[in-house]
$ cat final17.txt   # compact mmCIF, C-alpha atoms
# COMPACT_ATOMS: atom_id res chain seq x y z
CA MET R 1 0.00 0.00 0.00
CA LYS R 2 2.77 2.40 1.00
CA ARG R 3 4.86 1.45 -2.02
CA GLY R 4 1.86 2.10 -4.27
CA LEU R 5 1.37 5.52 -2.75
CA ILE R 6 5.04 6.41 -3.19
CA ALA R 7 4.87 5.30 -6.82
CA LEU R 8 1.83 7.48 -7.33
CA LEU R 9 3.59 10.47 -5.78
CA LEU R 10 6.65 9.94 -8.00
CA ILE R 11 4.50 9.82 -11.08
CA ALA R 12 2.60 12.87 -9.90
CA SER R 13 5.76 14.91 -9.33
CA ALA R 14 7.01 13.90 -12.77
CA VAL R 15 3.76 15.08 -14.32
CA VAL R 16 3.98 18.46 -12.57
CA ALA R 17 7.42 19.11 -14.05
CA GLN R 18 6.31 18.41 -17.61
CA GLU R 19 5.77 21.14 -20.15
CA VAL R 20 2.79 21.77 -22.38
CA THR R 21 3.26 21.94 -26.14
CA LEU R 22 1.02 24.39 -27.99
CA PRO R 23 1.29 26.46 -31.17
CA SER R 24 3.48 29.50 -30.50
CA PRO R 25 1.86 32.96 -30.35
CA HIS R 26 3.90 33.73 -33.47
CA GLU R 27 1.59 31.40 -35.44
CA ILE R 28 -1.49 33.26 -34.20
CA VAL R 29 -0.51 36.95 -34.14
CA GLY R 30 2.77 37.04 -36.05
CA PRO R 31 6.24 37.97 -34.80
CA PRO R 32 6.64 40.28 -31.78
CA ARG R 33 6.47 43.94 -32.82
CA GLY R 34 7.35 45.59 -29.52
CA SER R 35 10.40 45.82 -27.35
CA VAL R 36 11.22 43.21 -24.72
CA LEU R 37 10.09 44.49 -21.32
CA SER R 38 11.42 43.72 -17.86
CA GLY R 39 11.37 44.99 -14.28
CA ALA R 40 9.00 47.78 -13.26
CA GLU R 41 8.13 48.53 -16.88
CA LEU R 42 7.02 44.92 -17.37
CA ASP R 43 4.93 45.04 -14.19
CA ALA R 44 3.23 48.26 -15.24
CA LYS R 45 2.50 47.05 -18.76
CA THR R 46 1.23 43.70 -17.46
CA LYS R 47 -1.23 45.61 -15.26
CA ASP R 48 -2.32 47.79 -18.22
CA VAL R 49 -2.93 44.90 -20.60
CA ALA R 50 -4.47 42.62 -17.94
CA SER R 51 -6.92 45.41 -17.09
CA LEU R 52 -8.23 45.26 -20.67
CA LEU R 53 -8.98 41.52 -20.64
CA ARG R 54 -12.13 40.00 -19.15
CA CYS R 55 -11.83 37.19 -16.65
CA PRO R 56 -13.82 34.35 -18.31
CA THR R 57 -15.03 32.85 -15.06
CA CYS R 58 -16.02 36.12 -13.38
CA GLN R 59 -18.78 38.72 -13.72
CA GLY R 60 -17.38 41.84 -15.35
CA LEU R 61 -13.94 41.67 -13.77
CA SER R 62 -10.65 42.06 -15.58
CA ILE R 63 -8.00 39.39 -15.21
CA TYR R 64 -5.96 41.99 -13.32
CA ASP R 65 -8.69 42.47 -10.70
CA SER R 66 -9.80 38.85 -10.38
CA PRO R 67 -8.30 36.37 -7.93
CA ALA R 68 -9.66 33.38 -9.93
CA ALA R 69 -7.21 30.68 -11.02
CA MET R 70 -8.11 31.23 -14.68
CA ALA R 71 -7.39 34.97 -14.35
CA ILE R 72 -4.06 34.29 -12.65
CA ASN R 73 -3.07 31.89 -15.45
CA MET R 74 -4.09 34.39 -18.12
CA ARG R 75 -2.16 37.14 -16.33
CA GLU R 76 0.92 34.93 -16.39
CA GLN R 77 0.49 34.46 -20.13
CA VAL R 78 0.17 38.24 -20.61
CA ARG R 79 3.43 38.66 -18.73
CA ASP R 80 5.13 35.96 -20.81
CA LEU R 81 3.96 37.57 -24.04
CA LEU R 82 5.19 41.01 -22.95
CA THR R 83 8.52 39.49 -21.96
CA ALA R 84 8.73 38.00 -25.44
CA GLY R 85 8.20 41.45 -26.97
CA TYR R 86 4.58 41.24 -28.07
CA GLN R 87 2.64 44.50 -28.23
CA GLU R 88 -0.64 45.24 -26.47
CA ASP R 89 -2.78 44.83 -29.62
CA GLN R 90 -1.06 41.52 -30.42
CA ILE R 91 -1.75 40.20 -26.93
CA LEU R 92 -5.40 41.24 -27.11
CA ALA R 93 -5.66 39.56 -30.52
CA TYR R 94 -4.02 36.42 -29.12
CA PHE R 95 -6.70 36.00 -26.44
CA GLU R 96 -9.43 37.07 -28.83
CA ALA R 97 -8.48 34.17 -31.11
CA SER R 98 -9.51 31.78 -28.31
CA TYR R 99 -12.35 33.57 -26.56
CA GLY R 100 -13.72 35.89 -29.22
CA GLU R 101 -14.23 39.60 -28.75
CA PHE R 102 -16.03 38.91 -25.48
CA VAL R 103 -12.63 38.68 -23.80
CA ARG R 104 -12.09 42.40 -24.36
CA LEU R 105 -13.61 44.48 -21.59
CA GLU R 106 -14.05 47.31 -24.08
CA PRO R 107 -15.20 46.42 -27.59
CA SER R 108 -12.89 47.64 -30.35
CA LEU R 109 -13.91 50.51 -32.62
CA SER R 110 -14.49 48.43 -35.72
CA GLY R 111 -17.35 46.94 -37.72
CA ALA R 112 -20.73 46.91 -36.00
CA ASN R 113 -19.05 47.97 -32.76
CA TRP R 114 -19.22 51.58 -33.95
CA LEU R 115 -22.90 51.31 -33.15
CA VAL R 116 -22.12 50.42 -29.53
CA TRP R 117 -20.05 53.57 -29.13
CA THR R 118 -22.14 55.99 -31.19
CA ALA R 119 -25.70 54.77 -30.48
CA PRO R 120 -25.91 56.33 -26.98
CA ILE R 121 -24.79 59.72 -28.32
CA LEU R 122 -27.14 59.51 -31.30
CA LEU R 123 -30.06 58.51 -29.08
CA ALA R 124 -29.32 61.38 -26.66
CA LEU R 125 -29.26 63.86 -29.59
CA LEU R 126 -32.48 62.38 -30.97
CA GLY R 127 -34.13 62.71 -27.58
CA ALA R 128 -32.99 66.32 -27.22
CA TRP R 129 -34.29 67.15 -30.69
CA PHE R 130 -37.64 65.53 -29.84
CA VAL R 131 -38.01 67.48 -26.59
CA VAL R 132 -37.08 70.80 -28.24
CA SER R 133 -39.47 70.25 -31.16
CA VAL R 134 -42.33 69.36 -28.79
CA LEU R 135 -41.68 72.43 -26.64
CA ARG R 136 -41.57 74.69 -29.69
CA LYS R 137 -44.84 73.39 -31.07
CA ARG R 138 -46.68 73.66 -27.78
CA GLU R 139 -49.46 76.36 -27.89
CA PRO R 140 -48.75 79.48 -25.81
CA ALA R 141 -50.46 79.52 -22.45
CA PRO R 142 -53.58 81.73 -22.19
CA VAL R 143 -52.76 85.22 -21.01
CA ALA R 144 -53.69 85.83 -17.42
CA VAL R 145 -56.57 88.19 -16.79
CA SER R 146 -54.31 90.66 -15.03
CA GLU R 147 -52.07 90.86 -18.10
CA ARG R 148 -54.90 91.76 -20.46
CA ASN R 149 -55.11 95.20 -21.95
CA PRO R 150 -58.65 96.24 -21.11
CA ASP R 151 -58.69 98.87 -23.82
CA ASN R 152 -58.45 96.26 -26.56
CA ASP R 153 -60.17 93.34 -24.88
CA PRO R 154 -63.63 92.75 -26.30
CA ASP R 155 -64.45 90.40 -23.41
CA LEU R 156 -63.87 93.13 -20.86
CA GLU R 157 -65.47 95.91 -22.83
CA PRO R 158 -69.04 95.52 -21.51
CA TYR R 159 -67.76 95.53 -17.93
CA ILE R 160 -65.61 98.57 -18.50
CA LEU R 161 -68.52 100.37 -20.04
CA LYS R 162 -70.66 99.41 -17.08
CA VAL R 163 -68.07 100.72 -14.61
CA ARG R 164 -67.68 103.89 -16.58
CA GLU R 165 -71.41 104.29 -16.71
CA LEU R 166 -71.59 103.89 -12.96
CA ALA R 167 -68.68 106.25 -12.42
CA TRP R 168 -69.18 108.82 -15.09
CA GLY R 169 -72.78 108.43 -16.09
CA SER R 170 -72.29 108.20 -19.82
CA PRO R 171 -69.93 105.34 -20.71
CA GLY R 172 -69.69 105.75 -24.46
CA ARG R 173 -68.30 109.25 -24.34
CA ILE R 174 -66.18 109.38 -21.26
CA ALA R 175 -62.52 108.48 -21.44
CA PRO R 176 -61.01 107.39 -18.13
CA LEU R 177 -57.87 108.86 -16.59
CA ASP R 178 -54.75 106.83 -17.27
CA SER R 179 -51.43 106.66 -15.51
CA LYS R 180 -50.05 109.63 -17.42
CA SER R 181 -52.60 111.97 -15.91
CA VAL R 182 -51.55 110.78 -12.45
CA GLU R 183 -48.03 111.88 -13.23
CA THR R 184 -49.21 115.50 -13.41
CA ALA R 185 -49.19 115.56 -9.66
CA THR R 186 -45.48 114.82 -9.70
CA GLY R 187 -44.76 117.74 -12.04
CA ARG R 188 -44.14 115.71 -15.15
CA GLU R 189 -45.64 116.62 -18.48
CA ALA R 190 -49.36 116.02 -18.30
CA VAL R 191 -51.34 114.47 -21.07
CA PRO R 192 -54.94 115.27 -20.47
CA THR R 193 -57.03 112.19 -20.85
CA GLY R 194 -59.80 113.06 -18.54
CA PRO R 195 -63.29 114.05 -19.56
CA PRO R 196 -63.62 117.05 -21.80
CA GLU R 197 -64.15 120.35 -20.02
CA ASN R 198 -67.62 120.71 -21.40
CA GLU R 199 -68.77 117.31 -20.19
CA PRO R 200 -70.82 117.27 -17.05
CA ARG R 201 -69.29 115.27 -14.25
CA SER R 202 -70.20 114.77 -10.70
CA GLU R 203 -67.74 115.95 -7.99
CA SER R 204 -67.96 112.74 -6.10
CA ASN R 205 -66.63 110.86 -9.09
CA GLU R 206 -63.55 113.03 -9.58
CA GLY R 207 -60.29 111.21 -9.53
CA VAL R 208 -61.75 107.88 -10.34
CA GLY R 209 -59.72 106.27 -13.03
CA ARG R 210 -57.55 103.38 -13.75
CA MET W 1 -48.44 64.60 -34.02
CA ASN W 2 -50.05 61.34 -32.90
CA ARG W 3 -48.89 59.66 -36.07
CA LYS W 4 -45.35 60.87 -35.51
CA VAL W 5 -45.37 59.57 -31.93
CA LEU W 6 -46.70 56.22 -33.18
CA LEU W 7 -43.92 55.96 -35.80
CA ILE W 8 -41.21 56.82 -33.27
CA GLY W 9 -42.68 54.30 -30.84
CA LEU W 10 -42.69 51.60 -33.51
CA ALA W 11 -39.13 52.47 -34.52
CA VAL W 12 -38.04 51.85 -30.93
CA VAL W 13 -40.25 48.91 -29.97
CA VAL W 14 -40.08 46.79 -33.15
CA PRO W 15 -36.26 46.34 -33.12
CA MET W 16 -36.43 45.52 -29.40
CA ILE W 17 -39.05 42.83 -29.99
CA ALA W 18 -37.04 41.48 -32.95
CA VAL W 19 -33.89 41.19 -30.80
CA LEU W 20 -35.81 39.50 -27.99
CA ALA W 21 -37.53 37.11 -30.41
CA LEU W 22 -34.22 36.13 -32.02
CA SER W 23 -32.66 35.55 -28.59
CA LEU W 24 -35.44 33.29 -27.32
CA GLY W 25 -34.10 29.82 -26.61
CA ARG W 26 -30.52 31.03 -26.40
CA ASP W 27 -28.54 30.70 -23.21
CA PRO W 28 -27.70 34.32 -22.33
CA TYR W 29 -24.55 33.17 -20.52
CA SER W 30 -23.26 31.18 -23.49
CA VAL W 31 -20.79 32.93 -25.75
CA ARG W 32 -20.19 31.40 -29.16
CA SER W 33 -16.66 30.08 -29.43
CA PRO W 34 -14.65 31.47 -32.34
CA LEU W 35 -12.95 28.06 -32.54
CA VAL W 36 -16.05 26.22 -33.73
CA GLY W 37 -15.66 25.56 -37.45
CA ARG W 38 -11.88 25.97 -37.27
CA PRO W 39 -9.10 23.38 -37.00
CA ALA W 40 -8.58 22.10 -33.47
CA ILE W 41 -5.51 23.62 -31.81
CA GLY W 42 -2.80 21.02 -31.59
CA PHE W 43 -1.33 20.24 -28.17
CA THR W 44 0.84 17.72 -26.44
CA LEU W 45 0.26 16.91 -22.78
CA GLN W 46 1.40 14.14 -20.49
CA GLU W 47 -0.90 11.36 -19.47
CA VAL W 48 -1.63 11.21 -15.77
CA GLY W 49 -0.28 8.02 -14.26
CA THR W 50 2.03 6.96 -17.09
CA GLY W 51 3.60 10.27 -18.13
CA THR W 52 3.25 9.25 -21.78
CA PRO W 53 3.04 12.28 -24.09
CA LEU W 54 -0.29 12.49 -25.86
CA ALA W 55 -0.42 14.65 -28.98
CA LEU W 56 -3.69 15.59 -30.62
CA ALA W 57 -1.94 15.43 -33.98
CA ASP W 58 -1.38 11.68 -33.47
CA LEU W 59 -5.14 11.17 -33.56
CA GLU W 60 -5.52 12.63 -37.04
CA GLY W 61 -8.28 10.95 -39.02
CA LYS W 62 -10.26 9.93 -35.96
CA PRO W 63 -13.09 11.93 -34.38
CA VAL W 64 -12.07 13.21 -30.95
CA VAL W 65 -13.99 14.28 -27.85
CA ILE W 66 -11.90 16.64 -25.68
CA ASN W 67 -13.36 17.03 -22.22
CA PHE W 68 -11.97 19.71 -19.85
CA TRP W 69 -12.64 18.90 -16.21
CA ALA W 70 -11.21 19.07 -12.69
CA THR W 71 -11.47 17.04 -9.50
CA TRP W 72 -12.90 20.02 -7.58
CA CYS W 73 -15.73 20.36 -10.12
CA VAL W 74 -18.90 18.79 -8.68
CA PRO W 75 -20.84 18.43 -12.00
CA CYS W 76 -17.79 16.65 -13.42
CA TYR W 77 -18.45 13.68 -11.13
CA ALA W 78 -21.76 12.76 -12.76
CA GLU W 79 -20.44 13.68 -16.20
CA HIS W 80 -17.45 11.38 -15.79
CA GLU W 81 -19.77 8.38 -15.48
CA VAL W 82 -21.56 9.34 -18.69
CA LEU W 83 -18.31 9.95 -20.57
CA THR W 84 -16.82 6.65 -19.42
CA ARG W 85 -19.92 4.70 -20.39
CA VAL W 86 -20.26 6.27 -23.85
CA ALA W 87 -16.51 6.10 -24.49
CA ARG W 88 -16.63 2.33 -23.93
CA MET W 89 -19.58 2.07 -26.31
CA THR W 90 -17.89 4.09 -29.09
CA GLN W 91 -14.19 3.37 -28.51
CA SER W 92 -13.69 1.87 -31.95
CA GLN W 93 -14.97 5.01 -33.65
CA VAL W 94 -14.21 7.94 -31.37
CA GLN W 95 -11.20 8.88 -29.23
CA PHE W 96 -11.98 10.53 -25.91
CA ILE W 97 -9.38 12.68 -24.10
CA GLY W 98 -9.83 14.04 -20.59
CA VAL W 99 -7.90 17.28 -20.02
CA VAL W 100 -7.74 18.10 -16.33
CA TYR W 101 -7.54 21.82 -15.74
CA ASP W 102 -4.73 22.95 -13.46
CA ASP W 103 -5.16 20.23 -10.84
CA ASP W 104 -3.14 18.14 -8.44
CA PRO W 105 -2.10 14.86 -10.18
CA ARG W 106 -2.52 12.93 -6.90
CA LYS W 107 -6.16 13.96 -6.69
CA ILE W 108 -6.65 13.08 -10.36
CA LEU W 109 -5.22 9.61 -9.84
CA GLN W 110 -7.37 9.09 -6.77
CA PHE W 111 -10.45 10.26 -8.68
CA LEU W 112 -9.74 7.91 -11.59
CA SER W 113 -8.93 4.92 -9.36
CA GLU W 114 -12.23 5.38 -7.53
CA ARG W 115 -14.42 5.99 -10.59
CA GLY W 116 -12.58 4.20 -13.36
CA SER W 117 -11.64 5.47 -16.79
CA ALA W 118 -12.03 4.37 -20.38
CA TYR W 119 -9.74 6.89 -22.09
CA PRO W 120 -6.47 8.78 -21.54
CA THR W 121 -6.43 11.66 -19.09
CA VAL W 122 -3.86 14.44 -19.37
CA VAL W 123 -3.16 17.31 -17.01
CA ASP W 124 -3.00 20.92 -18.13
CA GLN W 125 -0.82 22.66 -15.55
CA GLY W 126 -1.13 26.44 -15.82
CA GLY W 127 -4.26 25.98 -17.92
CA LYS W 128 -2.44 26.87 -21.14
CA VAL W 129 -4.38 24.42 -23.31
CA ALA W 130 -7.66 25.45 -21.65
CA ILE W 131 -6.91 29.12 -22.38
CA ALA W 132 -5.93 28.27 -25.97
CA TYR W 133 -9.32 26.55 -26.31
CA GLY W 134 -11.14 29.52 -24.78
CA VAL W 135 -12.45 27.51 -21.84
CA TYR W 136 -14.63 29.55 -19.49
CA GLY W 137 -15.05 26.91 -16.81
CA VAL W 138 -15.22 23.18 -16.30
CA PRO W 139 -16.72 20.99 -17.53
CA GLU W 140 -16.51 22.00 -21.17
CA THR W 141 -16.30 19.59 -24.10
CA PHE W 142 -15.11 20.07 -27.68
CA PHE W 143 -16.09 17.74 -30.51
CA VAL W 144 -13.56 17.35 -33.32
CA ASP W 145 -14.44 15.56 -36.54
CA ARG W 146 -12.14 13.21 -38.51
CA ARG W 147 -10.74 16.16 -40.51
CA GLY W 148 -9.59 17.82 -37.31
CA THR W 149 -12.22 20.56 -37.31
CA ILE W 150 -13.99 21.61 -34.12
CA VAL W 151 -17.64 20.94 -34.89
CA ALA W 152 -19.22 21.81 -31.56
CA LYS W 153 -18.53 22.98 -28.03
CA HIS W 154 -20.65 22.08 -25.03
CA GLU W 155 -20.55 24.11 -21.82
CA GLY W 156 -21.54 22.34 -18.61
CA ALA W 157 -22.05 18.68 -17.80
CA LEU W 158 -23.14 16.42 -20.64
CA ASP W 159 -25.99 13.96 -20.34
CA GLU W 160 -25.91 10.73 -22.32
CA ALA W 161 -28.44 11.78 -24.95
CA SER W 162 -26.61 15.02 -25.73
CA LEU W 163 -23.26 13.27 -25.87
CA ILE W 164 -24.51 10.62 -28.29
CA ASN W 165 -26.06 13.34 -30.39
CA TYR W 166 -22.77 15.27 -30.56
CA ILE W 167 -20.89 12.07 -31.43
CA GLY W 168 -23.37 11.49 -34.25
CA THR W 169 -22.45 14.93 -35.57
CA ILE W 170 -18.69 14.34 -35.58
CA LEU W 171 -19.08 10.86 -37.07
CA GLY W 172 -21.20 12.29 -39.85
CA ASP W 173 -22.34 9.92 -42.59
CA ALA W 174 -19.70 7.37 -41.72
CA ARG W 175 -21.53 6.38 -38.55
$ encode --input "final17.txt" --output "structure tokens"
Amino acid sequence: MKRGLIALLLIASAVVAQEVTLPSPHEIVGPPRGSVLSGAELDAKTKDVASLLRCPTCQGLSIYDSPAAMAINMREQVRDLLTAGYQEDQILAYFEASYGEFVRLEPSLSGANWLVWTAPILLALLGAWFVVSVLRKREPAPVAVSERNPDNDPDLEPYILKVRELAWGSPGRIAPLDSKSVETATGREAVPTGPPENEPRSESNEGVGR
Amino acid sequence: MNRKVLLIGLAVVVPMIAVLALSLGRDPYSVRSPLVGRPAIGFTLQEVGTGTPLALADLEGKPVVINFWATWCVPCYAEHEVLTRVARMTQSQVQFIGVVYDDDPRKILQFLSERGSAYPTVVDQGGKVAIAYGVYGVPETFFVDRRGTIVAKHEGALDEASLINYIGTILGDAR
């Protein structure tokens, strides 16, 4: 039993040390186009590129942010590719060859993807245009009663005539005082708008105007 | 005005309904693999237990079922039984390969000794082959026809009916 276990462990340790054979990245994305990175520069670039790749086993996390085993393995591959001199776009293309464009956290600006980038702006502009056109076409609100000019308002005319009749006796021929006549008291130029001199008027009604 | 509102409403709603209708029956979490329809990526890995190198290229001309799994994967337990049973049934026509994703070889050997096996199992340390195949998680299975083209990919545990159906696809008319 013990000998069997030891044999199994020996085999297992041998398996761990063995290398995987796969097509080289050169066959997928061509020869490296960048410079070979190392040290702090390699660390920084690994973080940059890993932040652009989606962790396949996570929800919306990059392989840089994810602690998943798959993300760690992919991060290692990113580092290896940068060490070999591959550029960022080559590395993204390398993973895209296996996972499709889904592996990119941000879709590239090509093909139908233009729609993804431009549709929100276009829809916002369309919405703004719609709101402005609706507001422009809306009918003006009815003028408030206080803003009406009673001199030209046919609705108010009978009431004005009635008031004038009550105040001055003869509505059709009596013009009321306006604000300009009030200004005479302040010494400004007076524009007589009161009843003609020859018109009879009662004393008690003097000064009544608008 | 009402007509304009109706047209704008239709312009918004109709495409939405079309997209929803086209997506009915699709698994929203499933992403189509770009590898389907393309030649299977060649790899060489060591067999667990014997250490014998196993190269996909050596199986040229024979349909292959490549199953990615791991000992820590619970659905893989039930799937392993199905794979073993069907592999025994079809061993003269189809080659099965179990690729264990980034796992401890001792656990793999223990798993296989307890549950049996009908096909070679290789270990993918570092998950390089799994990443090259765009594996999202285990279990995932790729079906390669006799010309070496990936015909289908199945995400999740396979049941017997689905597996036989996939094998029918990779065997084609020759079955």
$ closest_atom_pairs --input "final17.txt" --of "chain W" --to "chain R" --cutoff "9 Å" --atoms "only C-alpha atoms" --output "JSON lines"
{"residue": "W:Val31", "atom": "CA", "partner": "R:Phe102", "partner_atom": "CA", "distance": 7.6}
{"residue": "W:Arg32", "atom": "CA", "partner": "R:Gly100", "partner_atom": "CA", "distance": 7.9}
{"residue": "W:Ser33", "atom": "CA", "partner": "R:Tyr99", "partner_atom": "CA", "distance": 6.2}
{"residue": "W:Pro34", "atom": "CA", "partner": "R:Gly100", "partner_atom": "CA", "distance": 5.5}
{"residue": "W:Leu35", "atom": "CA", "partner": "R:Ser98", "partner_atom": "CA", "distance": 6.6}
{"residue": "W:Ile41", "atom": "CA", "partner": "R:Pro23", "partner_atom": "CA", "distance": 7.4}
{"residue": "W:Gly42", "atom": "CA", "partner": "R:Leu22", "partner_atom": "CA", "distance": 6.2}
{"residue": "W:Phe43", "atom": "CA", "partner": "R:Leu22", "partner_atom": "CA", "distance": 4.8}
{"residue": "W:Thr44", "atom": "CA", "partner": "R:Thr21", "partner_atom": "CA", "distance": 4.9}
{"residue": "W:Leu45", "atom": "CA", "partner": "R:Val20", "partner_atom": "CA", "distance": 5.5}
{"residue": "W:Gln46", "atom": "CA", "partner": "R:Val15", "partner_atom": "CA", "distance": 6.7}
{"residue": "W:Glu47", "atom": "CA", "partner": "R:Val15", "partner_atom": "CA", "distance": 7.9}
{"residue": "W:Val48", "atom": "CA", "partner": "R:Val15", "partner_atom": "CA", "distance": 6.8}
{"residue": "W:Gly49", "atom": "CA", "partner": "R:Ile11", "partner_atom": "CA", "distance": 6.0}
{"residue": "W:Thr50", "atom": "CA", "partner": "R:Ile11", "partner_atom": "CA", "distance": 7.1}
{"residue": "W:Gly51", "atom": "CA", "partner": "R:Val15", "partner_atom": "CA", "distance": 6.1}
{"residue": "W:Ala55", "atom": "CA", "partner": "R:Thr21", "partner_atom": "CA", "distance": 8.6}
{"residue": "W:Asp102", "atom": "CA", "partner": "R:Ala69", "partner_atom": "CA", "distance": 8.5}
{"residue": "W:Asp104", "atom": "CA", "partner": "R:Ala12", "partner_atom": "CA", "distance": 7.9}
{"residue": "W:Pro105", "atom": "CA", "partner": "R:Ala12", "partner_atom": "CA", "distance": 5.1}
{"residue": "W:Arg106", "atom": "CA", "partner": "R:Ala12", "partner_atom": "CA", "distance": 5.9}
{"residue": "W:Leu109", "atom": "CA", "partner": "R:Leu8", "partner_atom": "CA", "distance": 7.8}
{"residue": "W:Val123", "atom": "CA", "partner": "R:Val15", "partner_atom": "CA", "distance": 7.8}
{"residue": "W:Asp124", "atom": "CA", "partner": "R:Val20", "partner_atom": "CA", "distance": 7.2}
{"residue": "W:Gln125", "atom": "CA", "partner": "R:Val16", "partner_atom": "CA", "distance": 7.0}
{"residue": "W:Gly126", "atom": "CA", "partner": "R:Asn73", "partner_atom": "CA", "distance": 5.8}
{"residue": "W:Gly127", "atom": "CA", "partner": "R:Asn73", "partner_atom": "CA", "distance": 6.5}
{"residue": "W:Lys128", "atom": "CA", "partner": "R:Val20", "partner_atom": "CA", "distance": 7.4}
{"residue": "W:Val129", "atom": "CA", "partner": "R:Leu22", "partner_atom": "CA", "distance": 7.1}
{"residue": "W:Ile131", "atom": "CA", "partner": "R:Ser98", "partner_atom": "CA", "distance": 7.0}
{"residue": "W:Ala132", "atom": "CA", "partner": "R:Ser98", "partner_atom": "CA", "distance": 5.5}
{"residue": "W:Tyr133", "atom": "CA", "partner": "R:Ser98", "partner_atom": "CA", "distance": 5.6}
{"residue": "W:Gly134", "atom": "CA", "partner": "R:Ser98", "partner_atom": "CA", "distance": 4.5}
{"residue": "W:Val135", "atom": "CA", "partner": "R:Tyr99", "partner_atom": "CA", "distance": 7.7}
{"residue": "W:Tyr136", "atom": "CA", "partner": "R:Pro56", "partner_atom": "CA", "distance": 5.0}
{"residue": "W:Gly137", "atom": "CA", "partner": "R:Thr57", "partner_atom": "CA", "distance": 6.2}
$ write_last_selection --input "final17.txt" --atoms "C-alpha atoms" --output "PDB file, in the coordinates of the input"
ATOM      1  CA  VAL W  31     -20.790  32.930 -25.750  1.00  0.00           C
ATOM      2  CA  ARG W  32     -20.190  31.400 -29.160  1.00  0.00           C
ATOM      3  CA  SER W  33     -16.660  30.080 -29.430  1.00  0.00           C
ATOM      4  CA  PRO W  34     -14.650  31.470 -32.340  1.00  0.00           C
ATOM      5  CA  LEU W  35     -12.950  28.060 -32.540  1.00  0.00           C
ATOM      6  CA  ILE W  41      -5.510  23.620 -31.810  1.00  0.00           C
ATOM      7  CA  GLY W  42      -2.800  21.020 -31.590  1.00  0.00           C
ATOM      8  CA  PHE W  43      -1.330  20.240 -28.170  1.00  0.00           C
ATOM      9  CA  THR W  44       0.840  17.720 -26.440  1.00  0.00           C
ATOM     10  CA  LEU W  45       0.260  16.910 -22.780  1.00  0.00           C
ATOM     11  CA  GLN W  46       1.400  14.140 -20.490  1.00  0.00           C
ATOM     12  CA  GLU W  47      -0.900  11.360 -19.470  1.00  0.00           C
ATOM     13  CA  VAL W  48      -1.630  11.210 -15.770  1.00  0.00           C
ATOM     14  CA  GLY W  49      -0.280   8.020 -14.260  1.00  0.00           C
ATOM     15  CA  THR W  50       2.030   6.960 -17.090  1.00  0.00           C
ATOM     16  CA  GLY W  51       3.600  10.270 -18.130  1.00  0.00           C
ATOM     17  CA  ALA W  55      -0.420  14.650 -28.980  1.00  0.00           C
ATOM     18  CA  ASP W 102      -4.730  22.950 -13.460  1.00  0.00           C
ATOM     19  CA  ASP W 104      -3.140  18.140  -8.440  1.00  0.00           C
ATOM     20  CA  PRO W 105      -2.100  14.860 -10.180  1.00  0.00           C
ATOM     21  CA  ARG W 106      -2.520  12.930  -6.900  1.00  0.00           C
ATOM     22  CA  LEU W 109      -5.220   9.610  -9.840  1.00  0.00           C
ATOM     23  CA  VAL W 123      -3.160  17.310 -17.010  1.00  0.00           C
ATOM     24  CA  ASP W 124      -3.000  20.920 -18.130  1.00  0.00           C
ATOM     25  CA  GLN W 125      -0.820  22.660 -15.550  1.00  0.00           C
ATOM     26  CA  GLY W 126      -1.130  26.440 -15.820  1.00  0.00           C
ATOM     27  CA  GLY W 127      -4.260  25.980 -17.920  1.00  0.00           C
ATOM     28  CA  LYS W 128      -2.440  26.870 -21.140  1.00  0.00           C
ATOM     29  CA  VAL W 129      -4.380  24.420 -23.310  1.00  0.00           C
ATOM     30  CA  ILE W 131      -6.910  29.120 -22.380  1.00  0.00           C
ATOM     31  CA  ALA W 132      -5.930  28.270 -25.970  1.00  0.00           C
ATOM     32  CA  TYR W 133      -9.320  26.550 -26.310  1.00  0.00           C
ATOM     33  CA  GLY W 134     -11.140  29.520 -24.780  1.00  0.00           C
ATOM     34  CA  VAL W 135     -12.450  27.510 -21.840  1.00  0.00           C
ATOM     35  CA  TYR W 136     -14.630  29.550 -19.490  1.00  0.00           C
ATOM     36  CA  GLY W 137     -15.050  26.910 -16.810  1.00  0.00           C
TER      37      GLY W 137
END
$ atom_distance --input "final17.txt" --atom1 "atom CA of R:Ser51" --atom2 "atom CA of R:Leu105"
8.1 Å
$ residues_around --input "final17.txt" --residues "stretch 47-50 of chain R" --least-positions-apart "6" --cutoff "8 Å" --atoms "all atoms listed in the file" --output "JSON list (two decimals) with C-alpha atoms, in the coordinates of the input"
[["chain", "number", "residue", "atom", "x", "y", "z"],
["R", 62, "SER", "CA", -10.65, 42.06, -15.58],
["R", 63, "ILE", "CA", -8.00, 39.39, -15.21],
["R", 64, "TYR", "CA", -5.96, 41.99, -13.32],
["R", 75, "ARG", "CA", -2.16, 37.14, -16.33],
["R", 78, "VAL", "CA", 0.17, 38.24, -20.61],
["R", 88, "GLU", "CA", -0.64, 45.24, -26.47],
["R", 91, "ILE", "CA", -1.75, 40.20, -26.93],
["R", 92, "LEU", "CA", -5.40, 41.24, -27.11]]
$ axis_aligned_box --input "final17.txt" --around "stretch 21-27 of chain W" --padding-each-side "3 Å" --output "AutoDock Vina command-line options"
--center_x -33.0 --center_y 33.5 --center_z -27.6 --size_x 15.0 --size_y 13.3 --size_z 14.8
$ closest_residue --input "final17.txt" --among "W:Gln95, W:Thr141, W:Ser30, W:Asn2" --to "W:Glu60" --atoms "all atoms listed in the file"
W:Gln95
$ atom_distance --input "final17.txt" --atom1 "atom CA of W:Val19" --atom2 "atom CA of R:Trp117"
18.6 Å
$ closest_residue --input "final17.txt" --among "W:Ala118, W:Leu24, W:Ile167, W:Val144" --to "W:Arg85" --atoms "all atoms listed in the file"
W:Ala118
